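Asks: Pasting model_15.cif below, which is mmCIF, C-alpha atoms and all ligand atoms.
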data_run
#
loop_
_atom_site.label_atom_id
_atom_site.label_comp_id
_atom_site.auth_asym_id
_atom_site.auth_seq_id
_atom_site.Cartn_x
_atom_site.Cartn_y
_atom_site.Cartn_z
CA MET A 1 48.49 -20.91 64.96
CA GLU A 2 48.86 -17.48 63.47
CA LYS A 3 48.68 -17.15 59.71
CA ASN A 4 49.29 -14.32 57.31
CA CYS A 5 47.76 -13.41 53.98
CA LEU A 6 49.87 -14.84 51.13
CA THR A 7 49.64 -11.56 49.24
CA CYS A 8 49.82 -8.67 51.68
CA GLN A 9 51.13 -10.53 54.76
CA SER A 10 48.48 -9.06 57.03
CA LYS A 11 47.31 -11.24 59.90
CA LEU A 12 44.44 -13.59 59.10
CA THR A 13 41.52 -14.15 61.42
CA GLY A 14 38.64 -16.58 61.23
CA ARG A 15 38.69 -19.95 59.46
CA SER A 16 41.98 -21.80 59.76
CA ASP A 17 42.05 -22.75 56.07
CA LYS A 18 42.03 -19.12 54.98
CA LYS A 19 44.99 -18.05 52.88
CA PHE A 20 43.97 -14.51 51.99
CA CYS A 21 42.43 -11.63 53.83
CA ASN A 22 40.05 -10.81 50.99
CA ASP A 23 39.11 -11.57 47.36
CA ALA A 24 41.36 -8.82 46.02
CA CYS A 25 44.38 -10.47 47.63
CA ARG A 26 43.28 -13.87 46.37
CA ASN A 27 42.93 -12.57 42.79
CA GLU A 28 46.23 -10.74 42.96
CA TYR A 29 47.96 -13.91 44.11
CA HIS A 30 46.54 -16.00 41.26
CA ASN A 31 47.26 -13.32 38.67
CA GLN A 32 50.83 -13.26 39.84
CA LEU A 33 51.08 -17.05 39.53
CA ILE A 34 49.85 -16.85 35.94
CA ARG A 35 52.22 -14.00 35.14
CA ASN A 36 55.20 -15.83 36.60
CA ARG A 37 54.46 -19.15 34.97
CA GLY A 38 56.38 -19.55 31.71
CA GLY A 39 57.10 -15.85 31.48
CA GLY A 40 53.74 -15.23 29.84
CA SER A 41 54.49 -17.48 26.85
CA GLU A 42 51.02 -19.06 27.03
CA LYS A 43 49.55 -15.62 26.62
CA LYS A 44 51.77 -15.01 23.60
CA VAL A 45 50.66 -18.27 21.95
CA ALA A 46 47.04 -17.45 22.70
CA ASP A 47 47.50 -14.01 21.13
CA THR A 48 49.11 -15.59 18.06
CA ILE A 49 46.21 -18.01 17.65
CA MET A 50 43.65 -15.21 17.96
CA GLN A 51 45.64 -13.14 15.47
CA ASN A 52 45.74 -16.06 13.02
CA ARG A 53 42.02 -16.56 13.36
CA LYS A 54 41.45 -12.89 12.60
CA ILE A 55 43.64 -13.14 9.50
CA LEU A 56 41.88 -16.28 8.22
CA SER A 57 38.49 -14.82 9.00
CA GLY A 58 39.37 -11.65 7.06
CA LEU A 59 40.71 -13.57 4.08
CA TYR A 60 37.70 -15.88 4.06
CA ALA A 61 35.29 -12.95 4.27
CA ASN A 62 37.05 -11.45 1.24
CA GLY A 63 36.53 -14.60 -0.78
CA VAL A 64 40.11 -15.84 -0.56
CA ARG A 65 40.04 -19.64 -0.58
CA GLN A 66 43.55 -20.52 -1.68
CA LEU A 67 46.92 -18.89 -1.25
CA ALA A 68 50.63 -19.61 -1.00
CA LYS A 69 52.53 -20.00 2.26
CA THR A 70 54.45 -16.79 1.58
CA ASP A 71 51.16 -14.94 1.07
CA LEU A 72 49.86 -16.23 4.38
CA GLU A 73 53.04 -15.05 6.09
CA CYS A 74 52.70 -11.71 4.32
CA TYR A 75 49.33 -11.28 6.01
CA GLY A 76 51.03 -11.98 9.32
CA PHE A 77 49.92 -15.58 9.73
CA ASP A 78 52.17 -17.38 12.22
CA PHE A 79 52.35 -21.16 11.82
CA GLN A 80 53.15 -21.52 15.53
CA GLY A 81 49.67 -20.37 16.40
CA ILE A 82 47.32 -23.17 15.46
CA THR A 83 44.82 -25.17 17.46
CA GLY A 84 45.46 -28.52 15.76
CA LEU A 85 47.30 -30.43 13.09
CA GLU A 86 46.46 -33.51 11.04
CA PHE A 87 48.46 -35.33 8.40
CA LEU A 88 46.50 -36.53 5.42
CA GLU A 89 47.41 -38.84 2.54
CA LYS A 90 49.98 -37.85 -0.11
CA GLY A 91 51.82 -35.25 1.92
CA LYS A 92 48.67 -33.24 2.52
CA MET A 93 48.37 -31.54 5.85
CA LEU A 94 45.50 -30.02 7.71
CA LEU A 95 45.98 -27.14 10.11
CA PHE A 96 43.23 -26.00 12.41
CA CYS A 97 42.62 -22.59 13.81
CA PHE A 98 39.27 -22.67 15.58
CA GLU A 99 36.55 -22.97 12.91
CA PHE A 100 39.03 -22.45 10.07
CA ASN A 101 40.96 -25.23 8.39
CA LEU A 102 44.02 -24.75 6.27
CA VAL A 103 44.58 -27.61 3.85
CA LYS A 104 48.18 -27.71 2.72
CA ASN A 105 48.57 -29.24 -0.71
CA GLY A 106 52.02 -28.76 -2.22
CA GLY A 107 52.90 -25.10 -1.90
CA TRP A 108 49.30 -24.02 -1.54
CA PHE A 109 46.95 -23.59 1.35
CA LYS A 110 43.22 -23.86 0.96
CA ILE A 111 41.05 -22.08 3.50
CA GLU A 112 37.95 -23.90 4.63
CA LYS A 113 35.48 -22.88 7.24
CA GLY A 114 33.97 -25.53 9.42
CA PRO A 115 31.81 -25.54 12.52
CA LEU A 116 33.32 -24.14 15.70
CA PRO A 117 34.89 -26.97 17.68
CA ALA A 118 33.00 -27.70 20.88
ZN ZN B 201 45.80 -9.66 51.99
#
Could I get this structure in the form of structure tokens?
Replies:
Amino acid sequence: MEKNCLTCQSKLTGRSDKKFCNDACRNEYHNQLIRNRGGGSEKKVADTIMQNRKILSGLYANGVRQLAKTDLECYGFDFQGITGLEFLEKGKMLLFCFEFNLVKNGGWFKIEKGPLPA
């Protein structure tokens, strides 16, 4: 049975389970799959999370340990980009962004730095 490369359509020779003529075609095919999937929204979320981490890291490095939600948003923090969420007692909430924790208490957020999650 004759088979063609899934990327460039050139004729394949050799092993019958081959799908690509070379690694470049294989990589191109997988990159395209990732690009097509969800219109790149995973990438956007990942970027947001990295951006949030940068913001928290900068604030923490500057000695900021507590600030209002509006201040966080002023710095560009996006609440869509977190790595975890936990509800605590009395309406307290814990947001995770890698090694940084945001503890929401009323209208305030406390920044804590923990160990990097494994
Ligand atoms: Zn090819």
Asks: At a cut-off of 10 Å from (48.8, -10.8, 12.6) in the coordinates of the file, what residues are picked up using only C-alpha atoms, written as a compact mmCIF listing (two decimals) with C-alpha atoms, keeping the file's coordinate frame?
Replies:
# COMPACT_ATOMS: atom_id res chain seq x y z
CA ASP A 47 47.50 -14.01 21.13
CA THR A 48 49.11 -15.59 18.06
CA ILE A 49 46.21 -18.01 17.65
CA MET A 50 43.65 -15.21 17.96
CA GLN A 51 45.64 -13.14 15.47
CA ASN A 52 45.74 -16.06 13.02
CA ARG A 53 42.02 -16.56 13.36
CA LYS A 54 41.45 -12.89 12.60
CA ILE A 55 43.64 -13.14 9.50
CA LEU A 56 41.88 -16.28 8.22
CA LEU A 72 49.86 -16.23 4.38
CA GLU A 73 53.04 -15.05 6.09
CA CYS A 74 52.70 -11.71 4.32
CA TYR A 75 49.33 -11.28 6.01
CA GLY A 76 51.03 -11.98 9.32
CA PHE A 77 49.92 -15.58 9.73
CA ASP A 78 52.17 -17.38 12.22
Asks: Could you list, as a PyMOL selection string, all protein and nucleic acid residues with an atom at most 8 Å from ligand ZN 201 (chain B), counting only C-alpha atoms and all ligand atoms?
Replies: chain A and resi 4-10+20-22+24-26
Asks: Given the selection you just returned, output its residues as a file containing C-alpha atoms, formatted as a PDB file, keeping the file's coordinate frame.
Replies:
ATOM      1  CA  ASN A   4      49.290 -14.320  57.310  1.00  0.00           C
ATOM      2  CA  CYS A   5      47.760 -13.410  53.980  1.00  0.00           C
ATOM      3  CA  LEU A   6      49.870 -14.840  51.130  1.00  0.00           C
ATOM      4  CA  THR A   7      49.640 -11.560  49.240  1.00  0.00           C
ATOM      5  CA  CYS A   8      49.820  -8.670  51.680  1.00  0.00           C
ATOM      6  CA  GLN A   9      51.130 -10.530  54.760  1.00  0.00           C
ATOM      7  CA  SER A  10      48.480  -9.060  57.030  1.00  0.00           C
ATOM      8  CA  PHE A  20      43.970 -14.510  51.990  1.00  0.00           C
ATOM      9  CA  CYS A  21      42.430 -11.630  53.830  1.00  0.00           C
ATOM     10  CA  ASN A  22      40.050 -10.810  50.990  1.00  0.00           C
ATOM     11  CA  ALA A  24      41.360  -8.820  46.020  1.00  0.00           C
ATOM     12  CA  CYS A  25      44.380 -10.470  47.630  1.00  0.00           C
ATOM     13  CA  ARG A  26      43.280 -13.870  46.370  1.00  0.00           C
TER      14      ARG A  26
END
Asks: For Leu67 in chain A, find every residue with an atom within 7 Å (counting all atoms listed in the file), except residues of its own chain fewer than 6 positions away, and show them as a short mmCIF file (atom, residue, chain, number, x, y, z; two decimals) with C-alpha atoms, in the frame of the given file.
Replies:
data_model
loop_
_atom_site.label_atom_id
_atom_site.label_comp_id
_atom_site.auth_asym_id
_atom_site.auth_seq_id
_atom_site.Cartn_x
_atom_site.Cartn_y
_atom_site.Cartn_z
CA TRP A 108 49.30 -24.02 -1.54
CA PHE A 109 46.95 -23.59 1.35
CA LYS A 110 43.22 -23.86 0.96
#
Asks: CA of Val45 in chain A to CA of Thr83 in chain A: how many Å, to one decimal?
Replies: 10.1 Å
Asks: Out of A:Asn31, A:Asn105, A:Gln80, A:Thr13, which residue has the shortest atom-to-atom distance to Gln66 in chain A when counting only C-alpha atoms?
Replies: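 Using only C-alpha atoms, the shortest distance to Gln66 in chain A belongs to A:Asn105.
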Asks: Pick from A:Lys104, A:Lys44, A:Lys113, A:Thr70: nearest to Glu86 in chain A, with all atoms listed in the file counted?
Replies: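 Looking at the shortest contact to Glu86 in chain A, the residue is A:Lys104.
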Asks: Between CA of Ile34 in chain A and CA of Lys19 in chain A, what is the spacing in Å?
Replies: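 So the answer is 17.7 Å.
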Asks: Quick one: pull the distance between CA of Glu112 in chain A and CA of Phe100 in chain A, Å, one decimal.
Replies: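 These atoms are spaced 5.7 Å apart.
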Asks: Neighbouring residues of Phe96 in chain A were defined as those with any atom within 7 Å, considering only C-alpha atoms; residues of the same chain fewer than 6 positions away were excluded. Please report them as a list in words.
Replies: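 Those residues are Ile82, Thr83, Gly84, Leu85 and Leu102 of chain A.
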Asks: Do a neighbour search on Glu99 in chain A at 8 Å with only C-alpha atoms, toss out local chain neighbours closer than 4 positions, and write the hits as a VMD selection string.
Replies: chain A and resid 113 to 117
Asks: Which residue, A:Gln32, A:Asp17, A:Tyr60, A:Leu94, has the smallest gap to Gly106 in chain A when you use all atoms listed in the file?
Replies: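 Looking only at the distances to Gly106 in chain A, the closest residue turns out to be A:Leu94.
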Asks: Check the smallest atom-to-atom distance from each of A:Ile111, A:Phe87, A:Asn101, A:Asn27 to Ala68 in chain A using only C-alpha atoms, then report the winner.
Replies: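 With only C-alpha atoms as the atom set, the closest residue is A:Ile111.
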Asks: Would you mind putting back N, CA and C atoms on range 59-95 of chain A, then writing it out as a short mmCIF file (atom, residue, chain, number, x, y, z; two decimals), in the frame of the given file?
Replies:
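To be explicit, this is the file written out as selection_35.cif:
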data_model
loop_
_atom_site.label_atom_id
_atom_site.label_comp_id
_atom_site.auth_asym_id
_atom_site.auth_seq_id
_atom_site.Cartn_x
_atom_site.Cartn_y
_atom_site.Cartn_z
N LEU A 59 40.47 -13.04 5.42
CA LEU A 59 40.71 -13.57 4.08
C LEU A 59 39.47 -14.28 3.57
N TYR A 60 38.89 -15.11 4.44
CA TYR A 60 37.70 -15.88 4.06
C TYR A 60 36.55 -14.96 3.70
N ALA A 61 36.37 -13.92 4.50
CA ALA A 61 35.29 -12.95 4.27
C ALA A 61 35.49 -12.23 2.94
N ASN A 62 36.76 -12.11 2.51
CA ASN A 62 37.05 -11.45 1.24
C ASN A 62 37.08 -12.41 0.06
N GLY A 63 36.64 -13.63 0.30
CA GLY A 63 36.53 -14.60 -0.78
C GLY A 63 37.82 -15.32 -1.12
N VAL A 64 38.85 -15.13 -0.31
CA VAL A 64 40.11 -15.84 -0.56
C VAL A 64 39.97 -17.27 -0.07
N ARG A 65 40.18 -18.23 -0.97
CA ARG A 65 40.04 -19.64 -0.58
C ARG A 65 41.35 -20.40 -0.75
N GLN A 66 42.29 -19.82 -1.47
CA GLN A 66 43.55 -20.52 -1.68
C GLN A 66 44.68 -19.52 -1.81
N LEU A 67 45.77 -19.78 -1.13
CA LEU A 67 46.92 -18.89 -1.25
C LEU A 67 48.21 -19.61 -0.86
N ALA A 68 49.33 -19.01 -1.26
CA ALA A 68 50.63 -19.61 -1.00
C ALA A 68 51.07 -19.33 0.43
N LYS A 69 52.01 -20.15 0.90
CA LYS A 69 52.53 -20.00 2.26
C LYS A 69 53.09 -18.59 2.46
N THR A 70 53.84 -18.12 1.46
CA THR A 70 54.45 -16.79 1.58
C THR A 70 53.38 -15.70 1.68
N ASP A 71 52.26 -15.91 0.97
CA ASP A 71 51.16 -14.94 1.07
C ASP A 71 50.58 -14.93 2.48
N LEU A 72 50.39 -16.12 3.02
CA LEU A 72 49.86 -16.23 4.38
C LEU A 72 50.77 -15.50 5.36
N GLU A 73 52.07 -15.69 5.19
CA GLU A 73 53.04 -15.05 6.09
C GLU A 73 53.03 -13.54 5.89
N CYS A 74 52.81 -13.14 4.63
CA CYS A 74 52.70 -11.71 4.32
C CYS A 74 51.57 -11.06 5.11
N TYR A 75 50.48 -11.80 5.26
CA TYR A 75 49.33 -11.28 6.01
C TYR A 75 49.58 -11.33 7.51
N GLY A 76 50.69 -11.92 7.90
CA GLY A 76 51.03 -11.98 9.32
C GLY A 76 50.67 -13.30 9.98
N PHE A 77 50.27 -14.28 9.17
CA PHE A 77 49.92 -15.58 9.73
C PHE A 77 51.17 -16.24 10.30
N ASP A 78 51.05 -16.75 11.54
CA ASP A 78 52.17 -17.38 12.22
C ASP A 78 51.84 -18.86 12.41
N PHE A 79 52.65 -19.72 11.80
CA PHE A 79 52.35 -21.16 11.82
C PHE A 79 52.53 -21.79 13.20
N GLN A 80 53.05 -21.03 14.15
CA GLN A 80 53.15 -21.52 15.53
C GLN A 80 51.79 -21.45 16.22
N GLY A 81 50.93 -20.63 15.71
CA GLY A 81 49.67 -20.37 16.40
C GLY A 81 48.49 -21.10 15.79
N ILE A 82 48.45 -22.41 15.97
CA ILE A 82 47.32 -23.17 15.46
C ILE A 82 46.71 -23.98 16.59
N THR A 83 45.48 -24.42 16.38
CA THR A 83 44.82 -25.17 17.46
C THR A 83 44.88 -26.67 17.21
N GLY A 84 45.37 -27.09 16.03
CA GLY A 84 45.46 -28.52 15.76
C GLY A 84 46.15 -28.79 14.45
N LEU A 85 46.54 -30.06 14.28
CA LEU A 85 47.30 -30.43 13.09
C LEU A 85 46.97 -31.88 12.75
N GLU A 86 46.77 -32.15 11.44
CA GLU A 86 46.46 -33.51 11.04
C GLU A 86 47.18 -33.80 9.73
N PHE A 87 47.79 -34.96 9.64
CA PHE A 87 48.46 -35.33 8.40
C PHE A 87 47.53 -36.19 7.57
N LEU A 88 47.37 -35.79 6.31
CA LEU A 88 46.50 -36.53 5.42
C LEU A 88 47.35 -37.32 4.42
N GLU A 89 46.68 -38.02 3.52
CA GLU A 89 47.41 -38.84 2.54
C GLU A 89 48.18 -37.95 1.55
N LYS A 90 49.19 -38.49 0.94
CA LYS A 90 49.98 -37.85 -0.11
C LYS A 90 50.55 -36.49 0.31
N GLY A 91 51.12 -36.46 1.49
CA GLY A 91 51.82 -35.25 1.92
C GLY A 91 50.90 -34.07 2.19
N LYS A 92 49.60 -34.33 2.19
CA LYS A 92 48.67 -33.24 2.52
C LYS A 92 48.63 -33.06 4.03
N MET A 93 48.39 -31.84 4.43
CA MET A 93 48.37 -31.54 5.85
C MET A 93 47.20 -30.62 6.15
N LEU A 94 46.66 -30.81 7.31
CA LEU A 94 45.50 -30.02 7.71
C LEU A 94 45.84 -29.27 8.99
N LEU A 95 45.73 -27.96 8.92
CA LEU A 95 45.98 -27.14 10.11
C LEU A 95 44.67 -26.53 10.57
#
